[in-house]
file start-v3.tsv (TSV, C-alpha atoms)
chain	number	residue	atom	x	y	z
A	1	MET	CA	150.09	-5.46	158.37
A	2	VAL	CA	147.15	-6.85	156.39
A	3	ALA	CA	145.90	-3.33	155.61
A	4	SER	CA	149.33	-2.35	154.25
A	5	LEU	CA	149.67	-5.48	152.14
A	6	THR	CA	146.16	-4.86	150.82
A	7	ALA	CA	147.10	-1.29	149.89
A	8	ILE	CA	150.21	-2.49	148.03
A	9	VAL	CA	148.35	-5.18	146.08
A	10	VAL	CA	145.43	-2.83	145.33
A	11	PHE	CA	147.86	-0.27	143.87
A	12	GLU	CA	149.28	-3.03	141.69
A	13	VAL	CA	145.79	-3.98	140.48
A	14	ILE	CA	145.00	-0.32	139.71
A	15	GLY	CA	148.29	-0.08	137.81
A	16	ASP	CA	147.44	-3.22	135.84
A	17	LEU	CA	143.97	-1.86	135.10
A	18	ILE	CA	145.35	1.45	133.80
A	19	GLN	CA	147.93	-0.41	131.71
A	20	LYS	CA	145.25	-2.62	130.12
A	21	LEU	CA	142.73	0.17	129.57
A	22	ALA	CA	145.23	2.65	128.13
A	23	GLY	CA	147.27	0.00	126.29
A	24	LEU	CA	150.52	1.35	127.74
A	25	PRO	CA	153.84	-0.45	127.10
A	26	ILE	CA	154.78	0.12	130.78
A	27	PRO	CA	154.01	-2.80	133.15
A	28	GLY	CA	151.20	-2.42	135.68
A	29	PRO	CA	153.39	-2.73	138.82
A	30	VAL	CA	155.58	0.21	137.69
A	31	ILE	CA	152.44	2.34	137.23
A	32	GLY	CA	151.29	1.10	140.65
A	33	MET	CA	154.61	2.21	142.17
A	34	ALA	CA	154.25	5.69	140.66
A	35	LEU	CA	150.65	5.94	141.93
A	36	LEU	CA	151.58	4.81	145.45
A	37	LEU	CA	154.43	7.36	145.52
A	38	ALA	CA	152.04	10.08	144.35
A	39	ALA	CA	149.51	9.04	147.03
A	40	LEU	CA	152.20	9.19	149.75
A	41	ILE	CA	153.34	12.64	148.59
A	42	LEU	CA	149.74	13.91	148.60
A	43	ARG	CA	149.13	12.43	152.05
A	44	GLY	CA	152.41	13.82	153.34
A	45	ARG	CA	153.24	10.99	155.72
A	46	LEU	CA	154.11	7.31	155.81
A	47	SER	CA	152.55	5.00	158.41
A	48	ASP	CA	154.89	2.73	160.39
A	49	GLU	CA	152.83	-0.23	159.30
A	50	LEU	CA	153.21	0.40	155.57
A	51	ASP	CA	156.92	1.06	156.11
A	52	ARG	CA	157.30	-2.28	157.90
A	53	ALA	CA	155.28	-4.20	155.27
A	54	ALA	CA	157.30	-2.72	152.37
A	55	THR	CA	160.64	-3.31	154.11
A	56	GLY	CA	159.52	-6.90	154.76
A	57	ILE	CA	158.72	-7.55	151.09
A	58	LEU	CA	161.86	-5.79	149.82
A	59	PHE	CA	164.02	-7.89	152.15
A	60	TYR	CA	163.09	-10.92	150.02
A	61	LEU	CA	163.35	-9.10	146.67
A	62	PRO	CA	166.39	-11.09	145.43
A	63	MET	CA	164.58	-14.40	145.93
A	64	LEU	CA	161.71	-13.34	143.68
A	65	PHE	CA	164.05	-13.38	140.64
A	66	VAL	CA	164.93	-17.06	141.08
A	67	PRO	CA	162.00	-18.68	139.17
A	68	ALA	CA	162.67	-16.52	136.07
A	69	GLY	CA	166.40	-17.17	136.32
A	70	VAL	CA	166.00	-20.95	136.37
A	71	GLY	CA	164.57	-20.46	132.85
A	72	VAL	CA	168.17	-20.43	131.61
A	73	MET	CA	167.91	-24.24	131.42
A	74	ALA	CA	165.21	-23.97	128.75
A	75	HIS	CA	167.59	-22.09	126.42
A	76	VAL	CA	170.75	-24.13	126.82
A	77	ASP	CA	171.24	-24.62	123.06
A	78	LEU	CA	171.01	-20.94	122.19
A	79	ILE	CA	173.31	-20.03	125.06
A	80	ARG	CA	175.81	-22.77	124.11
A	81	THR	CA	176.21	-21.37	120.58
A	82	GLU	CA	176.06	-17.65	121.40
A	83	TRP	CA	177.55	-17.43	124.88
A	84	PRO	CA	180.60	-15.27	124.02
A	85	ALA	CA	178.39	-12.53	122.57
A	86	LEU	CA	175.95	-12.77	125.49
A	87	ALA	CA	178.63	-12.84	128.18
A	88	LEU	CA	180.73	-10.01	126.78
A	89	GLY	CA	177.59	-8.01	125.98
A	90	ILE	CA	176.43	-8.23	129.59
A	91	VAL	CA	179.85	-7.58	131.15
A	92	GLY	CA	180.80	-4.71	128.82
A	93	SER	CA	177.45	-2.95	128.89
A	94	SER	CA	177.08	-3.26	132.67
A	95	ILE	CA	180.50	-1.70	133.32
A	96	LEU	CA	179.76	1.07	130.83
A	97	ALA	CA	176.29	1.70	132.31
A	98	VAL	CA	177.68	2.02	135.86
A	99	ALA	CA	180.48	4.34	134.72
A	100	VAL	CA	178.24	6.56	132.55
A	101	THR	CA	175.50	6.88	135.18
A	102	ALA	CA	177.78	7.50	138.15
A	103	LEU	CA	180.02	9.98	136.32
A	104	THR	CA	177.09	11.91	134.80
A	105	MET	CA	175.44	12.21	138.21
A	106	CYS	CA	178.66	13.32	139.92
A	107	THR	CA	179.64	15.78	137.19
A	108	ILE	CA	176.26	17.53	137.17
A	109	GLU	CA	176.04	17.62	140.97
A	110	ARG	CA	179.57	19.05	141.21
A	111	ALA	CA	178.79	21.62	138.52
A	112	TRP	CA	175.67	22.68	140.44
A	113	GLN	CA	177.68	23.01	143.61
A	114	ALA	CA	180.34	25.09	141.83
A	115	ILE	CA	177.66	27.41	140.42
A	116	ARG	CA	176.17	27.85	143.88
A	117	GLU	CA	179.60	28.55	145.38
A	118	THR	CA	180.51	31.18	142.79
A	119	ARG	CA	177.12	32.84	143.28
A	120	ARG	CA	177.70	33.04	146.99
A	121	HIS	CA	181.20	34.52	146.52
A	122	ALA	CA	180.12	36.97	143.82
A	123	ALA	CA	177.23	38.38	145.82
A	124	PRO	CA	177.73	37.79	149.54
A	125	ALA	CA	174.52	37.79	151.48
A	126	PRO	CA	173.96	40.87	153.68
A	127	ALA	CA	173.56	38.59	156.68
A	128	THR	CA	177.24	37.53	156.47
A	129	LYS	CA	178.37	41.14	156.34
A	130	VAL	CA	176.37	41.91	159.46
A	131	SER	CA	177.89	38.97	161.32
A	132	HIS	CA	181.41	40.14	160.45
A	133	GLU	CA	180.83	43.73	161.52
A	134	PRO	CA	181.78	43.32	165.20
A	135	ASP	CA	185.24	42.03	164.15
A	136	VAL	CA	185.94	45.23	162.22
A	137	PRO	CA	187.15	47.98	164.52
B	1	MET	CA	164.75	-44.83	136.63
B	2	SER	CA	163.08	-47.01	139.17
B	3	PRO	CA	159.28	-47.33	139.25
B	4	MET	CA	159.41	-46.20	142.86
B	5	PHE	CA	160.93	-42.91	141.65
B	6	HIS	CA	158.12	-42.49	139.12
B	7	ASP	CA	155.41	-43.24	141.65
B	8	VAL	CA	156.74	-40.72	144.14
B	9	TRP	CA	158.56	-38.01	142.18
B	10	ILE	CA	156.10	-37.37	139.31
B	11	PRO	CA	153.08	-36.59	141.55
B	12	LEU	CA	155.36	-34.71	143.96
B	13	SER	CA	156.77	-32.47	141.23
B	14	ARG	CA	153.20	-31.53	140.32
B	15	SER	CA	152.18	-30.68	143.85
B	16	PRO	CA	151.42	-26.95	144.29
B	17	ALA	CA	154.12	-26.60	146.95
B	18	PHE	CA	156.90	-28.16	144.85
B	19	GLY	CA	158.22	-25.11	143.02
B	20	ILE	CA	157.78	-22.89	146.06
B	21	ALA	CA	159.63	-25.33	148.34
B	22	LEU	CA	162.45	-25.84	145.85
B	23	THR	CA	162.88	-22.06	145.40
B	24	LEU	CA	162.85	-21.39	149.16
B	25	ILE	CA	165.32	-24.21	149.86
B	26	GLY	CA	167.64	-23.08	147.05
B	27	TYR	CA	167.60	-19.48	148.24
B	28	GLN	CA	168.09	-20.52	151.86
B	29	LEU	CA	171.11	-22.56	150.79
B	30	GLY	CA	172.49	-19.52	148.94
B	31	CYS	CA	172.02	-17.26	151.97
B	32	ARG	CA	173.70	-19.79	154.31
B	33	LEU	CA	176.64	-20.24	151.95
B	34	GLN	CA	177.08	-16.49	151.65
B	35	ARG	CA	177.03	-16.15	155.43
B	36	CYS	CA	179.64	-18.93	155.74
B	37	LEU	CA	181.87	-17.05	153.28
B	38	ARG	CA	181.36	-13.80	155.24
B	39	GLY	CA	179.22	-12.03	152.69
B	40	ASN	CA	181.52	-12.55	149.70
B	41	PRO	CA	179.59	-10.83	146.88
B	42	LEU	CA	180.74	-13.45	144.35
B	43	CYS	CA	178.79	-16.02	146.32
B	44	ASN	CA	175.41	-14.60	145.34
B	45	PRO	CA	172.32	-16.29	146.87
B	46	VAL	CA	170.32	-15.79	143.63
B	47	LEU	CA	172.99	-17.50	141.52
B	48	ILE	CA	173.43	-20.34	144.02
B	49	ALA	CA	169.66	-20.84	144.17
B	50	ILE	CA	169.36	-20.88	140.36
B	51	GLY	CA	172.29	-23.28	140.01
B	52	SER	CA	171.13	-25.71	142.68
B	53	ILE	CA	167.51	-25.73	141.42
B	54	ILE	CA	168.69	-26.42	137.84
B	55	ALA	CA	170.85	-29.27	139.19
B	56	VAL	CA	167.87	-30.81	141.02
B	57	LEU	CA	165.59	-30.46	137.97
B	58	LEU	CA	168.20	-31.98	135.61
B	59	LEU	CA	169.03	-34.85	137.97
B	60	THR	CA	165.35	-35.73	138.35
B	61	GLY	CA	164.48	-35.18	134.68
B	62	THR	CA	161.89	-32.53	135.55
B	63	ASP	CA	161.34	-29.85	132.91
B	64	TYR	CA	161.34	-26.10	133.52
B	65	ARG	CA	157.64	-25.69	132.80
B	66	THR	CA	156.67	-28.13	135.57
B	67	TYR	CA	158.81	-26.18	138.03
B	68	PHE	CA	157.65	-22.75	136.90
B	69	GLU	CA	153.94	-23.67	137.08
B	70	THR	CA	154.20	-23.83	140.86
B	71	ALA	CA	157.12	-21.43	141.37
B	72	SER	CA	155.11	-18.75	139.56
B	73	TRP	CA	153.56	-17.99	142.97
B	74	ILE	CA	156.93	-16.55	143.96
B	75	HIS	CA	157.40	-14.93	140.54
B	76	PHE	CA	154.02	-13.20	141.01
B	77	LEU	CA	155.32	-11.42	144.14
B	78	LEU	CA	157.62	-9.34	141.89
B	79	GLY	CA	154.54	-7.19	141.23
B	80	PRO	CA	153.81	-6.17	144.85
B	81	ALA	CA	157.57	-5.84	145.48
B	82	THR	CA	157.85	-3.35	142.59
B	83	VAL	CA	154.95	-1.35	144.05
B	84	ALA	CA	156.61	-1.48	147.50
B	85	LEU	CA	159.66	0.33	146.06
B	86	ALA	CA	157.54	3.49	146.34
B	87	ILE	CA	158.26	3.48	150.11
B	88	PRO	CA	162.09	3.92	150.04
B	89	LEU	CA	161.51	6.45	147.24
B	90	TYR	CA	159.10	8.42	149.42
B	91	LYS	CA	161.53	8.38	152.35
B	92	ASN	CA	164.18	10.01	150.14
B	93	ILE	CA	161.87	12.34	148.25
B	94	GLY	CA	163.67	15.46	149.53
B	95	GLU	CA	167.05	14.36	148.18
B	96	ILE	CA	165.47	13.20	144.93
B	97	ARG	CA	163.74	16.55	144.35
B	98	ARG	CA	166.96	18.44	145.02
B	99	ALA	CA	168.85	16.39	142.40
B	100	ALA	CA	166.05	15.85	139.88
B	101	LEU	CA	167.95	17.25	136.89
B	102	ALA	CA	171.13	15.28	137.59
B	103	ILE	CA	169.10	12.11	138.17
B	104	GLY	CA	167.20	12.49	134.89
B	105	ALA	CA	170.36	13.11	132.87
B	106	ALA	CA	172.35	10.33	134.56
B	107	VAL	CA	169.63	7.70	134.20
B	108	GLY	CA	168.94	8.69	130.58
B	109	ALA	CA	172.61	8.48	129.62
B	110	GLY	CA	173.07	5.25	131.59
B	111	ALA	CA	170.01	3.52	130.11
B	112	PHE	CA	171.11	4.45	126.59
B	113	ALA	CA	174.67	3.23	127.26
B	114	ALA	CA	173.46	-0.05	128.78
B	115	SER	CA	171.09	-1.01	125.99
B	116	GLY	CA	173.10	0.38	123.07
B	117	SER	CA	176.45	-1.07	124.12
B	118	ALA	CA	174.93	-4.50	124.88
B	119	MET	CA	173.45	-4.65	121.37
B	120	ALA	CA	176.62	-3.30	119.76
B	121	ILE	CA	178.88	-5.80	121.53
B	122	ALA	CA	176.56	-8.73	120.76
B	123	TRP	CA	176.29	-7.63	117.12
B	124	SER	CA	180.06	-7.21	116.70
B	125	LEU	CA	180.58	-10.73	118.06
B	126	GLY	CA	178.21	-12.15	115.47
B	127	ALA	CA	175.12	-12.81	117.56
B	128	SER	CA	171.89	-13.64	115.71
B	129	PRO	CA	169.24	-10.88	115.35
B	130	THR	CA	166.93	-12.70	117.80
B	131	VAL	CA	169.66	-12.73	120.46
B	132	ILE	CA	170.46	-9.05	119.83
B	133	ARG	CA	166.78	-8.18	120.27
B	134	SER	CA	166.65	-10.31	123.43
B	135	ILE	CA	169.69	-8.57	124.97
B	136	ALA	CA	168.40	-5.03	124.22
B	137	ALA	CA	166.17	-4.84	127.30
B	138	LYS	CA	168.37	-6.80	129.72
B	139	SER	CA	169.18	-3.88	132.01
B	140	VAL	CA	165.62	-3.32	133.23
B	141	THR	CA	163.51	-5.15	135.76
B	142	THR	CA	162.12	-8.57	134.71
B	143	PRO	CA	158.44	-7.70	134.09
B	144	ILE	CA	159.34	-4.70	131.86
B	145	ALA	CA	162.18	-6.52	130.10
B	146	MET	CA	160.02	-9.51	129.19
B	147	GLY	CA	157.26	-7.29	127.83
B	148	VAL	CA	159.65	-5.12	125.79
B	149	SER	CA	161.51	-8.16	124.47
B	150	ALA	CA	158.27	-9.68	123.18
B	151	GLN	CA	157.34	-6.37	121.58
B	152	ILE	CA	160.61	-5.97	119.64
B	153	GLY	CA	160.82	-9.61	118.54
B	154	GLY	CA	163.18	-11.14	121.09
B	155	ILE	CA	162.68	-14.26	123.22
B	156	PRO	CA	161.12	-13.13	126.54
B	157	GLU	CA	162.41	-16.18	128.47
B	158	LEU	CA	165.96	-15.61	127.26
B	159	THR	CA	165.64	-11.94	128.19
B	160	ALA	CA	164.48	-12.96	131.69
B	161	VAL	CA	167.64	-15.01	132.17
B	162	LEU	CA	169.85	-12.23	130.78
B	163	VAL	CA	168.10	-9.81	133.14
B	164	VAL	CA	168.93	-11.97	136.16
B	165	VAL	CA	172.56	-12.49	135.07
B	166	THR	CA	172.90	-8.75	134.37
B	167	GLY	CA	171.39	-7.95	137.77
B	168	VAL	CA	173.79	-10.23	139.59
B	169	PHE	CA	176.79	-8.93	137.64
B	170	GLY	CA	175.63	-5.33	137.99
B	171	SER	CA	175.22	-5.66	141.75
B	172	LEU	CA	178.71	-7.19	141.96
B	173	CYS	CA	180.52	-4.68	139.79
B	174	ALA	CA	178.67	-1.42	140.56
B	175	PRO	CA	180.23	-0.70	144.00
B	176	GLU	CA	183.69	-1.73	142.75
B	177	ILE	CA	183.55	0.41	139.60
B	178	ALA	CA	182.20	3.37	141.56
B	179	ALA	CA	185.15	2.99	143.94
B	180	VAL	CA	187.65	2.79	141.05
B	181	LEU	CA	186.16	5.93	139.49
B	182	GLY	CA	186.37	7.72	142.83
B	183	VAL	CA	182.59	8.11	143.13
B	184	ARG	CA	181.91	8.26	146.84
B	185	CYS	CA	178.41	9.65	147.21
B	186	TRP	CA	175.75	7.04	147.88
B	187	ARG	CA	173.24	8.74	145.58
B	188	ALA	CA	175.43	8.32	142.49
B	189	ARG	CA	176.41	4.79	143.50
B	190	GLY	CA	172.78	3.78	144.02
B	191	LEU	CA	171.70	5.35	140.74
B	192	ALA	CA	174.46	3.57	138.80
B	193	ALA	CA	173.65	0.23	140.43
B	194	GLY	CA	169.96	0.63	139.62
B	195	VAL	CA	170.62	1.41	135.96
B	196	ALA	CA	173.07	-1.48	135.54
B	197	GLY	CA	171.44	-4.07	137.75
B	198	HIS	CA	167.74	-3.13	138.34
B	199	GLY	CA	166.02	-4.92	141.26
B	200	ILE	CA	168.83	-7.32	142.13
B	201	ALA	CA	171.29	-4.43	142.54
B	202	THR	CA	168.60	-2.44	144.38
B	203	ALA	CA	168.26	-5.30	146.84
B	204	ARG	CA	172.03	-5.30	147.42
B	205	MET	CA	172.19	-1.50	147.75
B	206	LEU	CA	169.33	-1.58	150.30
B	207	CYS	CA	171.60	-3.78	152.43
B	208	LEU	CA	174.57	-1.41	152.05
B	209	ASN	CA	172.84	1.96	152.57
B	210	GLU	CA	169.19	3.05	152.58
B	211	THR	CA	169.76	6.19	150.47
B	212	ALA	CA	171.68	4.14	147.90
B	213	GLY	CA	168.83	1.62	147.90
B	214	ALA	CA	166.23	4.33	147.34
B	215	PHE	CA	168.22	5.89	144.49
B	216	SER	CA	168.81	2.46	143.00
B	217	GLY	CA	165.07	1.77	143.13
B	218	LEU	CA	164.41	5.16	141.54
B	219	ALA	CA	166.94	4.47	138.78
B	220	MET	CA	165.39	1.05	138.21
B	221	GLY	CA	161.93	2.58	137.84
B	222	LEU	CA	163.06	5.45	135.60
B	223	CYS	CA	165.32	3.23	133.49
B	224	GLY	CA	162.47	0.73	133.09
B	225	LEU	CA	160.03	3.46	132.14
B	226	LEU	CA	162.45	4.98	129.64
B	227	THR	CA	163.31	1.62	128.08
B	228	ALA	CA	159.67	0.53	127.91
B	229	VAL	CA	158.72	3.72	126.09
B	230	CYS	CA	161.80	4.36	123.92
B	231	LEU	CA	163.10	0.94	122.85
B	232	PRO	CA	160.01	-0.21	120.89
B	233	VAL	CA	159.79	3.23	119.23
B	234	ILE	CA	163.51	3.25	118.28
B	235	PHE	CA	163.27	-0.31	116.95
B	236	HIS	CA	160.21	0.61	114.94
B	237	PHE	CA	161.77	3.67	113.31
B	238	LEU	CA	165.09	1.95	112.57
B	239	HIS	CA	163.15	-1.08	111.22
B	240	LEU	CA	165.16	-3.30	113.57
B	241	ASP	CA	162.04	-5.24	114.57
B	242	ALA	CA	161.66	-6.55	111.01
B	243	TRP	CA	165.37	-7.26	110.61
call {"tool": "encode", "arguments": {"input": "start-v3.tsv", "output": "structure tokens"}}
result
Amino acid sequence: MVASLTAIVVFEVIGDLIQKLAGLPIPGPVIGMALLLAALILRGRLSDELDRAATGILFYLPMLFVPAGVGVMAHVDLIRTEWPALALGIVGSSILAVAVTALTMCTIERAWQAIRETRRHAAPAPATKVSHEPDVP
Amino acid sequence: MSPMFHDVWIPLSRSPAFGIALTLIGYQLGCRLQRCLRGNPLCNPVLIAIGSIIAVLLLTGTDYRTYFETASWIHFLLGPATVALAIPLYKNIGEIRRAALAIGAAVGAGAFAASGSAMAIAWSLGASPTVIRSIAAKSVTTPIAMGVSAQIGGIPELTAVLVVVTGVFGSLCAPEIAAVLGVRCWRARGLAAGVAGHGIATARMLCLNETAGAFSGLAMGLCGLLTAVCLPVIFHFLHLDAW
């Protein structure tokens, strides 16, 4: 468990280091995530221990947003005067974002599937012909 | 307030465990309440925790900075948690590779829709330029959003709050909207939730379905990356940062 937590934190530190050295606008932890994913792909397997450690941390993910969220109390005045714009902006854009993302994903996936289907019908694989041969007298 | 209160509360609120304890208790309360209401998504543990902590701080006259100084230990864990998202991604790498093109297009379109429509709606309702700049990055995970907001001239703390509210709303509405639109596959649902509600929606999707959680985490990462790179550049070229 300690080894896995160490690995996770070390990847974050490496990400932070790269971000600082290269002056990237992307936060260190996101770079760390990409590096850890790349390391796992190169290694080709995931240890049970790392899996358990990550699942453990991610179980508490919602709680980690609480301290930043309490910050709403520091901006009460701004929110009091501009809340309709903020509220409608969040509601409208979230609904649009879900719809656009989900529909784009589904449309492209369906189109891919249709292309694959038509290809299969246009040029049937020889293997299928062979399997049908015994039925033909 | 009584002198007794001053003698006890002021040193207590500066103790290193204060913010951590308050956050844990608030979140625990939220989780219990949600369990009592049989997992009603409207009864979100994050919102309940935020609300109850604000109530305690206001009632005791404690300011946000005092709370955050000690609660920042919990805030810091967002870093390792972001790195840990690589694990559900790795477990679903086969599915992700197979749908790479669709994922890229969907996340790109979704990220653009989220940021652009939020700014357009806020602008059309007469929001001030600072607020419009603060809302631009609200669909991405907190650490990215705060950095981007500072870069384009918004208020990072306001963005952090908008990010949390967006995340809670996104995690509430994403499954419902997907159902209304007839989107049944978990990959598309997860992706949409991740674009609209970053880590908070990812956390909810992880509870619903592991594939959806992985795709939500992927969308959150990609959307964050895209926003972090594109938004400052777009603002710079449209001269919105000097507006």
call {"tool": "atom_distance", "arguments": {"input": "start-v3.tsv", "atom1": "CA of Gly32 (chain A)", "atom2": "CA of Trp186 (chain B)"}}
result
26.2 Å
call {"tool": "atom_distance", "arguments": {"input": "start-v3.tsv", "atom1": "CA of Asp77 (chain A)", "atom2": "CA of Val168 (chain B)"}}
result
22.1 Å
call {"tool": "interface_residues", "arguments": {"input": "start-v3.tsv", "of": "chain A", "to": "chain B", "cutoff": "7 Å", "atoms": "all atoms listed in the file", "output": "mmCIF file with C-alpha atoms, in the coordinates of the input"}}
result
data_model
loop_
_atom_site.group_PDB
_atom_site.id
_atom_site.type_symbol
_atom_site.label_atom_id
_atom_site.label_comp_id
_atom_site.auth_asym_id
_atom_site.auth_seq_id
_atom_site.Cartn_x
_atom_site.Cartn_y
_atom_site.Cartn_z
ATOM 1 C CA ILE A 8 150.210 -2.490 148.030
ATOM 2 C CA VAL A 9 148.350 -5.180 146.080
ATOM 3 C CA GLU A 12 149.280 -3.030 141.690
ATOM 4 C CA PRO A 25 153.840 -0.450 127.100
ATOM 5 C CA ILE A 26 154.780 0.120 130.780
ATOM 6 C CA PRO A 27 154.010 -2.800 133.150
ATOM 7 C CA PRO A 29 153.390 -2.730 138.820
ATOM 8 C CA VAL A 30 155.580 0.210 137.690
ATOM 9 C CA GLY A 32 151.290 1.100 140.650
ATOM 10 C CA MET A 33 154.610 2.210 142.170
ATOM 11 C CA ALA A 34 154.250 5.690 140.660
ATOM 12 C CA LEU A 36 151.580 4.810 145.450
ATOM 13 C CA LEU A 37 154.430 7.360 145.520
ATOM 14 C CA LEU A 40 152.200 9.190 149.750
ATOM 15 C CA ASP A 51 156.920 1.060 156.110
ATOM 16 C CA ALA A 54 157.300 -2.720 152.370
ATOM 17 C CA ILE A 57 158.720 -7.550 151.090
ATOM 18 C CA LEU A 58 161.860 -5.790 149.820
ATOM 19 C CA LEU A 61 163.350 -9.100 146.670
ATOM 20 C CA PRO A 62 166.390 -11.090 145.430
ATOM 21 C CA MET A 63 164.580 -14.400 145.930
ATOM 22 C CA LEU A 64 161.710 -13.340 143.680
ATOM 23 C CA PHE A 65 164.050 -13.380 140.640
ATOM 24 C CA VAL A 66 164.930 -17.060 141.080
ATOM 25 C CA PRO A 67 162.000 -18.680 139.170
ATOM 26 C CA ALA A 68 162.670 -16.520 136.070
ATOM 27 C CA GLY A 69 166.400 -17.170 136.320
ATOM 28 C CA VAL A 70 166.000 -20.950 136.370
ATOM 29 C CA GLY A 71 164.570 -20.460 132.850
ATOM 30 C CA VAL A 72 168.170 -20.430 131.610
ATOM 31 C CA MET A 73 167.910 -24.240 131.420
ATOM 32 C CA ALA A 74 165.210 -23.970 128.750
ATOM 33 C CA HIS A 75 167.590 -22.090 126.420
ATOM 34 C CA GLU A 82 176.060 -17.650 121.400
ATOM 35 C CA ALA A 85 178.390 -12.530 122.570
ATOM 36 C CA LEU A 86 175.950 -12.770 125.490
ATOM 37 C CA LEU A 88 180.730 -10.010 126.780
ATOM 38 C CA GLY A 89 177.590 -8.010 125.980
ATOM 39 C CA ILE A 90 176.430 -8.230 129.590
ATOM 40 C CA SER A 93 177.450 -2.950 128.890
ATOM 41 C CA SER A 94 177.080 -3.260 132.670
ATOM 42 C CA LEU A 96 179.760 1.070 130.830
ATOM 43 C CA ALA A 97 176.290 1.700 132.310
ATOM 44 C CA VAL A 98 177.680 2.020 135.860
ATOM 45 C CA ALA A 99 180.480 4.340 134.720
ATOM 46 C CA VAL A 100 178.240 6.560 132.550
ATOM 47 C CA THR A 101 175.500 6.880 135.180
ATOM 48 C CA ALA A 102 177.780 7.500 138.150
ATOM 49 C CA THR A 104 177.090 11.910 134.800
ATOM 50 C CA MET A 105 175.440 12.210 138.210
ATOM 51 C CA CYS A 106 178.660 13.320 139.920
ATOM 52 C CA ILE A 108 176.260 17.530 137.170
ATOM 53 C CA GLU A 109 176.040 17.620 140.970
#
call {"tool": "atom_distance", "arguments": {"input": "start-v3.tsv", "atom1": "CA of Asn209 (chain B)", "atom2": "CA of Asp48 (chain A)"}}
result
19.6 Å
call {"tool": "closest_residue", "arguments": {"input": "start-v3.tsv", "among": "A:Gly28, A:Leu5, A:Leu35, A:Val13", "to": "Glu49 (chain A)", "atoms": "all atoms listed in the file"}}
result
A:Leu5
